[in-house]
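S.K.: Below: one structure in structure tokens.
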Amino acid sequence: MLILSLLGGFFLILISLSFGLFSGWENLISDSLFIQRSPNENVVILAIDEESLDKYGAWPWPRSTIAQLTETITAHNPKVIGFDITFFEEREGDDKFINALTSTTSTVLAAKVEDQTLLTPLDQLLELENVEYGYVNFIADTDEKVRATDLVSESDNQTSSFSYQILQSYFSTEVELPPVQLGFTTVPDNHLVINYYGPQGTIPTYSLTSLDSEQGAELNLENKIILIGSTVQDLKRNLDDRFISPVGLLPGVEIHANIISQVLDGDFISSPSVLLQTAIILAVFVSSFVLATRLTLRAFSIVELAALATYVLLASLVFGLGTKLDLLYTPLSILLAWLIGIIWQYFARKRENEYLRQAFVQYLNKGLLNKLLDNPDHLKLGGERRHMTVMFSDIRDFTSISEKVEPEELVQFLNEYLTDATDTIFEHQGAVDKYLGDAIMALWNAPILDANHAKNACVAALEMIDVLEEFNRNAEDHIPELKIGVGVNTGEMLVGNLGSMRRFDYTVMGDNVNLSSRLEGLTKQYQVSIIIGSGTYQELEDEGQLNQFTTRKLDVVTVKGKSKPIEIYELMHPSHYQNLEDLVSKYEEALEKYMKGEFKSAENLFSQLTDPTSELMAKRCQELHSSKTKWPGYWQWDVK
């Protein structure tokens with residue numbers, strides 16, 4: 001489903017890119033990338049502005065006035081003069097203007113395309129060897145912004161544009177369709193994306209009146225390109241020559257100046273091919289598929305948004321270096337892939353959560369279950385090794401009890417007890433792994449991490465004794481008194497889904513699990529309620545939690561199926577003993593003698609104690625004392 005959605009999104013973007021469905025939006029976004037910078041110093045505008053109109057009169061000016069200004073400009077020795085003014089009609093003073101043009105190094109006059117007809121300057125002007133012309137028209141986009149131009153019209157007999165003709169004159173070359181070499185610059189393509197330098201006034205602009213002032217003497221126009229055109233909006237005088245550009249309203253003469261400066265600087269804007277853009281967009285969707293299937297929703301969102309921000313930042317940086325990256329289709333691809341991924345993860349997580357809820361609702365309390373649903377990564381198919389605590393509890397002599405109670409009543413009171421015991425485990429952050437008839441197997445530190453897993457298991461074990469005693473007090477008279485044995489062990493185990501995702505069996509395996517079961521069995525032999533392994537004892541001691549419990553070292557034993565001796569401890573319920581401290585002290589003193597093989601001394605010390613475990617140990621010492629078998633230093637158990 002995710003693959004199909006992403007493929008659909010990819011082809012949707014690809015179709016939009018191929019047909020330019022959102023090119024207008026793309027242009028608007030790209031417009032924001034232009035930053036003001038310094039133009040080429042060899043391009044200057046002499047403006048027909050308000051001051052000029054006040055001084056030289058209303059437009060159009062007499063040709064004699066223009067001739068006089070031309071002579072003044074020529075005296076500054078410019079390389080090329082470009083008139084963004086049309087000279088289509090004969091007027092008085094043309095002879096003076098022609099005479100003034102003969103003195104210029106090179107002059108380019110404005111032509112214009114109207115109704116698919118090219119209007120050119122007067123023939124007598126073009127007869128001069130140093131005079132050329134170029135069309136001044138701009139082609140605007142649908143939003144009326146001028147963003148690009150053709151340097152040479154491929155119709156109209158390859159007529160040069162005004163700005164391109166000025167460049168050809170500047171470098172004294174014939175008009176040639178790009179790509180072409182102009183000076184040290186290679187013009188790569190006839191279609192030129194205009195790399196604007198900034199808003200109006202960025203190109204050095206002076207009023208024509210400055211030629212007759214003190215400022216005129218300071219103007220450095222030698223060997224430069226001088227553009228003459230209107231910078232004012234005056235509808236009455238037919239001087240409305242402004243156009244919309246990405247950097248704001250610009251006079252036509254300044255747009256020409258931007259083009260010329262751009263070519264002189266070699267400051268072109270190139271765009272990746274459609275093939276490369278397609279490859280980038282495809283990479284976005286492929287990577288999004290991988291991320292959506294492997295990351296959490298939060299991580300996936302962070303990566304996608306970071307990728308979007310990085311791409312936009314990169315596009316902004318490389319634009320300044322002359323490369324225009326797509327700022328619509330690729331970001332749109334990232335957003336669309338992100339949205340598809342979010343929707344897919346939402347439904348996938350919903351299905352997964354329902355599956356986990358059904359699988360774990362009977363094993364975890366609500367808080368732990370919610371944590372698991374928030375982060376299913378706690379589960380790992382195939383299992384993982386983890387340091388954790390396992391508890392086994394079992395009702396003693398349940399078989400004989402079941403013979404004395406009707407089956408229906410047996411099931412009822414067993415369910416009541418198991419419910420209360422399970423609630424106790426849940427209350428202390430445990431998870432019920434399984435019920436084995438009247439037995440319970442519980443886990444701590446899985447599937448949810450628990451830094452206090454040994455402590456919580458021990459507290460739960462003690463409270464399960466309280467629960468059982470309360471249950472016995474409230475039971476019917478004919479219900480035999482129930483007693484349980486609890487074994488708790490801590491260590492490294494293999495935990496996880498050891499079945500399949502179709503048949504979910506979340507459990508633990510390993511020697512430490514088996515040992516926990518053996519410890520529960522030994523509670524019958526030592527006639528105690530709770531036995532903890534040395535791993536649990538050490539964990540409590542390492543975490544500084546041992547002083548919260550009363551324990552005594554029971555014995556050093558080997559359990560069935562194992563040859564390595566281990567220390568076992570009783571987790572003592574305070575209500576079951578009197579003078580706990582005295583009992584523990586004397587018992588462990590006797591145990592020390594016993595471990596050294598001083599059985600007679602140990603027997604005497606054990607005999608002074610009245611608890612069942614001490615009586616057992618006293619009897620064992622008596623048997624060992626009379627036995628001729630070599631003492632290995634530990635007791636071997638062959639029972640489960």
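Convention: chains lettered A, B, ... in structure tokens order; per-chain residue numbering from 1; ligands numbered from 1 as shown.
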Excluding range 146-148 of chain A and any residue of its chain fewer than 4 positions from it, enumerate the residues within 9 Å of it, using only C-alpha atoms, and give them as a list in words.
M.R.: Asn27, Asp31, Phe138, Ile139, Ala140, Asp141, His191, Leu192, Val193, Ile194, Asn195, Tyr196, Phe243, Ile244, Ser245, Pro246 and Ile255 of chain A
S.K.: Restricted to N, CA, C and O atoms, what would the selected residues look like written as a tab-separated table (two decimals), in the first residue's frame?
M.R.:
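To be explicit, this is the file written out as part.tsv:
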```tsv
chain	number	residue	atom	x	y	z
A	27	ASN	N	8.02	29.94	-10.25
A	27	ASN	CA	8.67	31.23	-10.53
A	27	ASN	C	8.53	32.19	-9.35
A	27	ASN	O	9.48	32.90	-9.00
A	31	ASP	N	11.63	33.80	-7.30
A	31	ASP	CA	11.83	35.25	-7.27
A	31	ASP	C	12.43	35.72	-5.94
A	31	ASP	O	13.15	36.72	-5.89
A	138	PHE	N	10.35	42.84	-24.50
A	138	PHE	CA	10.53	41.77	-23.51
A	138	PHE	C	9.32	40.85	-23.58
A	138	PHE	O	8.20	41.27	-23.85
A	139	ILE	N	9.57	39.58	-23.30
A	139	ILE	CA	8.48	38.60	-23.24
A	139	ILE	C	8.20	38.30	-21.78
A	139	ILE	O	9.07	37.77	-21.06
A	140	ALA	N	7.02	38.66	-21.33
A	140	ALA	CA	6.68	38.46	-19.93
A	140	ALA	C	6.00	37.12	-19.72
A	140	ALA	O	5.38	36.56	-20.63
A	141	ASP	N	6.12	36.59	-18.50
A	141	ASP	CA	5.42	35.36	-18.13
A	141	ASP	C	3.94	35.67	-17.90
A	141	ASP	O	3.51	36.82	-17.99
A	191	HIS	N	18.49	31.53	-24.89
A	191	HIS	CA	17.47	31.88	-23.90
A	191	HIS	C	18.16	32.18	-22.59
A	191	HIS	O	18.72	31.30	-21.95
A	192	LEU	N	18.12	33.43	-22.20
A	192	LEU	CA	18.87	33.88	-21.03
A	192	LEU	C	17.91	34.18	-19.87
A	192	LEU	O	17.01	35.01	-19.99
A	193	VAL	N	18.12	33.47	-18.75
A	193	VAL	CA	17.40	33.81	-17.52
A	193	VAL	C	18.11	35.01	-16.91
A	193	VAL	O	19.31	34.98	-16.66
A	194	ILE	N	17.35	36.09	-16.71
A	194	ILE	CA	17.97	37.34	-16.25
A	194	ILE	C	18.31	37.23	-14.76
A	194	ILE	O	17.44	36.97	-13.93
A	195	ASN	N	19.57	37.43	-14.46
A	195	ASN	CA	20.04	37.36	-13.08
A	195	ASN	C	20.08	38.79	-12.53
A	195	ASN	O	21.12	39.46	-12.54
A	196	TYR	N	18.94	39.25	-12.02
A	196	TYR	CA	18.81	40.64	-11.60
A	196	TYR	C	19.74	40.97	-10.42
A	196	TYR	O	19.90	40.17	-9.50
A	243	PHE	N	8.49	47.87	-16.30
A	243	PHE	CA	8.07	46.48	-16.39
A	243	PHE	C	8.15	45.83	-15.01
A	243	PHE	O	8.94	46.23	-14.16
A	244	ILE	N	7.33	44.81	-14.84
A	244	ILE	CA	7.37	44.06	-13.57
A	244	ILE	C	8.48	43.02	-13.66
A	244	ILE	O	8.60	42.28	-14.65
A	245	SER	N	9.30	42.98	-12.64
A	245	SER	CA	10.40	42.02	-12.58
A	245	SER	C	10.37	41.31	-11.23
A	245	SER	O	9.63	41.73	-10.31
A	246	PRO	N	11.15	40.24	-11.03
A	246	PRO	CA	11.20	39.57	-9.72
A	246	PRO	C	11.67	40.47	-8.60
A	246	PRO	O	11.43	40.16	-7.43
A	255	ILE	N	16.45	47.04	-17.16
A	255	ILE	CA	16.44	45.60	-17.45
A	255	ILE	C	17.51	45.28	-18.48
A	255	ILE	O	18.26	44.30	-18.35
```
S.K.: Would you pick out the contacts of Ile45 in chain A at 6 Å or less, using only C-alpha atoms, so that residues sharing its chain but fewer than 2 positions from it are not included, and give the list as a PyMOL selection string?
M.R.: chain A and resi 47+205+226-228
S.K.: May I ask which of the residues A:Thr86, A:Thr523, A:Thr117, A:Thr389 is the closest one to His453 in chain A, counting only C-alpha atoms?
M.R.: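 Going through A:Thr86, A:Thr523, A:Thr117, A:Thr389 one by one, the smallest distance to His453 in chain A is for A:Thr389.
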S.K.: How many Å lie between CA of Arg91 in chain A and CA of Trp59 in chain A, rounded to one decimal?
M.R.: 13.6 Å
S.K.: Hey, what's within 9 Å of Asn40 in chain A if we count only C-alpha atoms and toss same-chain stuff fewer than 3 positions away? As a PyMOL selection string, please?
M.R.: chain A and resi 43+203+258+260-262+264-265
S.K.: Where does DSSP see alpha helix (DSSP H) in range 53-223 of chain A, if you list the residues as a VMD selection string?
M.R.: chain A and resid 53 to 56 63 to 74 94 to 101 123 to 126 162 to 170 214 to 218
S.K.: With N, CA and C atoms retained, export the selected residues as a tab-separated table (two decimals), in the first residue's frame.
M.R.:
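Output (again.tsv):
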```tsv
chain	number	residue	atom	x	y	z
A	53	LEU	N	13.32	66.26	-17.74
A	53	LEU	CA	12.13	66.81	-18.38
A	53	LEU	C	11.92	68.26	-17.99
A	54	ASP	N	12.24	68.59	-16.73
A	54	ASP	CA	12.11	69.98	-16.30
A	54	ASP	C	13.09	70.87	-17.04
A	55	LYS	N	14.28	70.34	-17.31
A	55	LYS	CA	15.33	71.17	-17.91
A	55	LYS	C	15.20	71.26	-19.44
A	56	TYR	N	14.93	70.10	-20.09
A	56	TYR	CA	14.96	70.06	-21.54
A	56	TYR	C	13.57	70.13	-22.17
A	63	ARG	N	15.15	66.65	-31.92
A	63	ARG	CA	16.33	65.85	-32.26
A	63	ARG	C	17.61	66.66	-32.05
A	64	SER	N	17.48	67.98	-32.14
A	64	SER	CA	18.67	68.81	-31.90
A	64	SER	C	19.12	68.70	-30.45
A	65	THR	N	18.16	68.61	-29.53
A	65	THR	CA	18.50	68.45	-28.10
A	65	THR	C	19.19	67.12	-27.88
A	66	ILE	N	18.65	66.08	-28.51
A	66	ILE	CA	19.25	64.75	-28.37
A	66	ILE	C	20.64	64.75	-28.99
A	67	ALA	N	20.79	65.47	-30.13
A	67	ALA	CA	22.10	65.55	-30.78
A	67	ALA	C	23.11	66.23	-29.85
A	68	GLN	N	22.68	67.29	-29.19
A	68	GLN	CA	23.57	68.01	-28.28
A	68	GLN	C	24.01	67.10	-27.12
A	69	LEU	N	23.05	66.36	-26.55
A	69	LEU	CA	23.37	65.45	-25.45
A	69	LEU	C	24.32	64.35	-25.93
A	70	THR	N	24.11	63.88	-27.19
A	70	THR	CA	24.96	62.84	-27.75
A	70	THR	C	26.40	63.34	-27.86
A	71	GLU	N	26.55	64.57	-28.32
A	71	GLU	CA	27.90	65.12	-28.43
A	71	GLU	C	28.57	65.24	-27.07
A	72	THR	N	27.78	65.65	-26.08
A	72	THR	CA	28.35	65.77	-24.73
A	72	THR	C	28.80	64.42	-24.20
A	73	ILE	N	27.96	63.41	-24.43
A	73	ILE	CA	28.31	62.07	-23.97
A	73	ILE	C	29.53	61.56	-24.71
A	74	THR	N	29.58	61.78	-26.02
A	74	THR	CA	30.70	61.32	-26.84
A	74	THR	C	32.01	61.91	-26.35
A	94	ASP	N	17.07	66.08	-37.54
A	94	ASP	CA	17.67	64.76	-37.75
A	94	ASP	C	19.09	64.89	-38.26
A	95	ASP	N	19.35	65.93	-39.08
A	95	ASP	CA	20.69	66.09	-39.62
A	95	ASP	C	21.70	66.33	-38.51
A	96	LYS	N	21.30	67.11	-37.49
A	96	LYS	CA	22.22	67.35	-36.37
A	96	LYS	C	22.46	66.06	-35.57
A	97	PHE	N	21.39	65.25	-35.44
A	97	PHE	CA	21.54	63.99	-34.70
A	97	PHE	C	22.45	63.03	-35.46
A	98	ILE	N	22.28	63.00	-36.81
A	98	ILE	CA	23.13	62.13	-37.62
A	98	ILE	C	24.58	62.57	-37.50
A	99	ASN	N	24.78	63.87	-37.54
A	99	ASN	CA	26.13	64.40	-37.44
A	99	ASN	C	26.75	64.05	-36.08
A	100	ALA	N	25.93	64.10	-35.03
A	100	ALA	CA	26.44	63.76	-33.70
A	100	ALA	C	26.79	62.28	-33.62
A	101	LEU	N	26.00	61.43	-34.29
A	101	LEU	CA	26.26	59.99	-34.23
A	101	LEU	C	27.54	59.62	-34.95
A	123	ASP	N	16.22	54.91	-41.91
A	123	ASP	CA	17.26	54.36	-42.78
A	123	ASP	C	18.52	55.21	-42.75
A	124	GLN	N	18.35	56.56	-42.74
A	124	GLN	CA	19.53	57.42	-42.78
A	124	GLN	C	20.39	57.27	-41.52
A	125	LEU	N	19.75	56.83	-40.43
A	125	LEU	CA	20.55	56.58	-39.21
A	125	LEU	C	21.32	55.29	-39.34
A	126	LEU	N	20.68	54.30	-39.95
A	126	LEU	CA	21.32	52.99	-40.05
A	126	LEU	C	22.39	52.95	-41.14
A	162	PHE	N	18.25	44.27	-28.25
A	162	PHE	CA	18.94	45.54	-27.98
A	162	PHE	C	20.18	45.32	-27.11
A	163	SER	N	20.02	44.59	-26.01
A	163	SER	CA	21.14	44.39	-25.09
A	163	SER	C	22.23	43.53	-25.72
A	164	TYR	N	21.82	42.51	-26.49
A	164	TYR	CA	22.82	41.64	-27.10
A	164	TYR	C	23.60	42.36	-28.20
A	165	GLN	N	22.90	43.24	-28.93
A	165	GLN	CA	23.59	44.01	-29.96
A	165	GLN	C	24.62	44.96	-29.33
A	166	ILE	N	24.25	45.52	-28.19
A	166	ILE	CA	25.22	46.39	-27.49
A	166	ILE	C	26.46	45.58	-27.10
A	167	LEU	N	26.26	44.35	-26.62
A	167	LEU	CA	27.39	43.50	-26.25
A	167	LEU	C	28.23	43.16	-27.48
A	168	GLN	N	27.58	42.87	-28.63
A	168	GLN	CA	28.33	42.58	-29.84
A	168	GLN	C	29.15	43.79	-30.27
A	169	SER	N	28.54	44.96	-30.15
A	169	SER	CA	29.27	46.18	-30.51
A	169	SER	C	30.42	46.44	-29.54
A	170	TYR	N	30.19	46.14	-28.29
A	170	TYR	CA	31.21	46.35	-27.25
A	170	TYR	C	32.44	45.49	-27.54
A	214	GLU	N	28.44	70.28	-12.56
A	214	GLU	CA	29.76	69.95	-12.03
A	214	GLU	C	29.93	68.44	-11.91
A	215	GLN	N	28.82	67.75	-11.68
A	215	GLN	CA	28.88	66.30	-11.56
A	215	GLN	C	29.31	65.67	-12.87
A	216	GLY	N	28.95	66.31	-14.01
A	216	GLY	CA	29.31	65.77	-15.31
A	216	GLY	C	30.80	65.65	-15.50
A	217	ALA	N	31.54	66.60	-14.98
A	217	ALA	CA	33.00	66.57	-15.11
A	217	ALA	C	33.59	65.40	-14.32
A	218	GLU	N	32.87	64.98	-13.29
A	218	GLU	CA	33.37	63.89	-12.44
A	218	GLU	C	32.93	62.52	-12.91
```
S.K.: Give me the residues within 12 Å of Phe413 in chain A as a ChimeraX atom specification, counting only C-alpha atoms and dropping any in the same chain fewer than 2 places off.
M.R.: /A:401-402,405-411,415-420,438,468,471-472,474-476,479-482
S.K.: What residues in range 245-274 of chain A get the DSSP label strand (DSSP E or B)? Please answer as a ChimeraX atom specification.
M.R.: /A:245,248-251,270
S.K.: Need to verify the contact set: Ser607 in chain A, 7 Å, only C-alpha atoms, exclusion of same-chain residues closer than 5 positions in sequence. Can you return it as a list in words?
M.R.: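 In the requested form, the answer reads Ser614, Glu615 and Ala618 of chain A.
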S.K.: Any idea what the distance is between CA of Val108 in chain A and CA of Gly266 in chain A?
M.R.: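 Computing the Euclidean distance for CA of Val108 in chain A and CA of Gly266 in chain A yields 21.8 Å.
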S.K.: Please list as number ranges by chain every residue within 12 Å of Asp582 in chain A, counting only C-alpha atoms and excluding residues in the same chain fewer than 4 positions away.
M.R.: A: 550, 552, 577-578, 586-589, 608-609
S.K.: I need the residue nearest Thr296 in chain A from this list: A:Ile395, A:Gln548, A:Gly533, A:Ile342. Use only C-alpha atoms for the distance.
M.R.: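 Residue with the minimum atom-to-atom distance to Thr296 in chain A: A:Ile342.
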S.K.: In Å to one decimal, how far is CA of Glu41 in chain A from CA of Lys224 in chain A?
M.R.: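 Interatomic distance, CA of Lys224 in chain A to CA of Glu41 in chain A: 8.2 Å.
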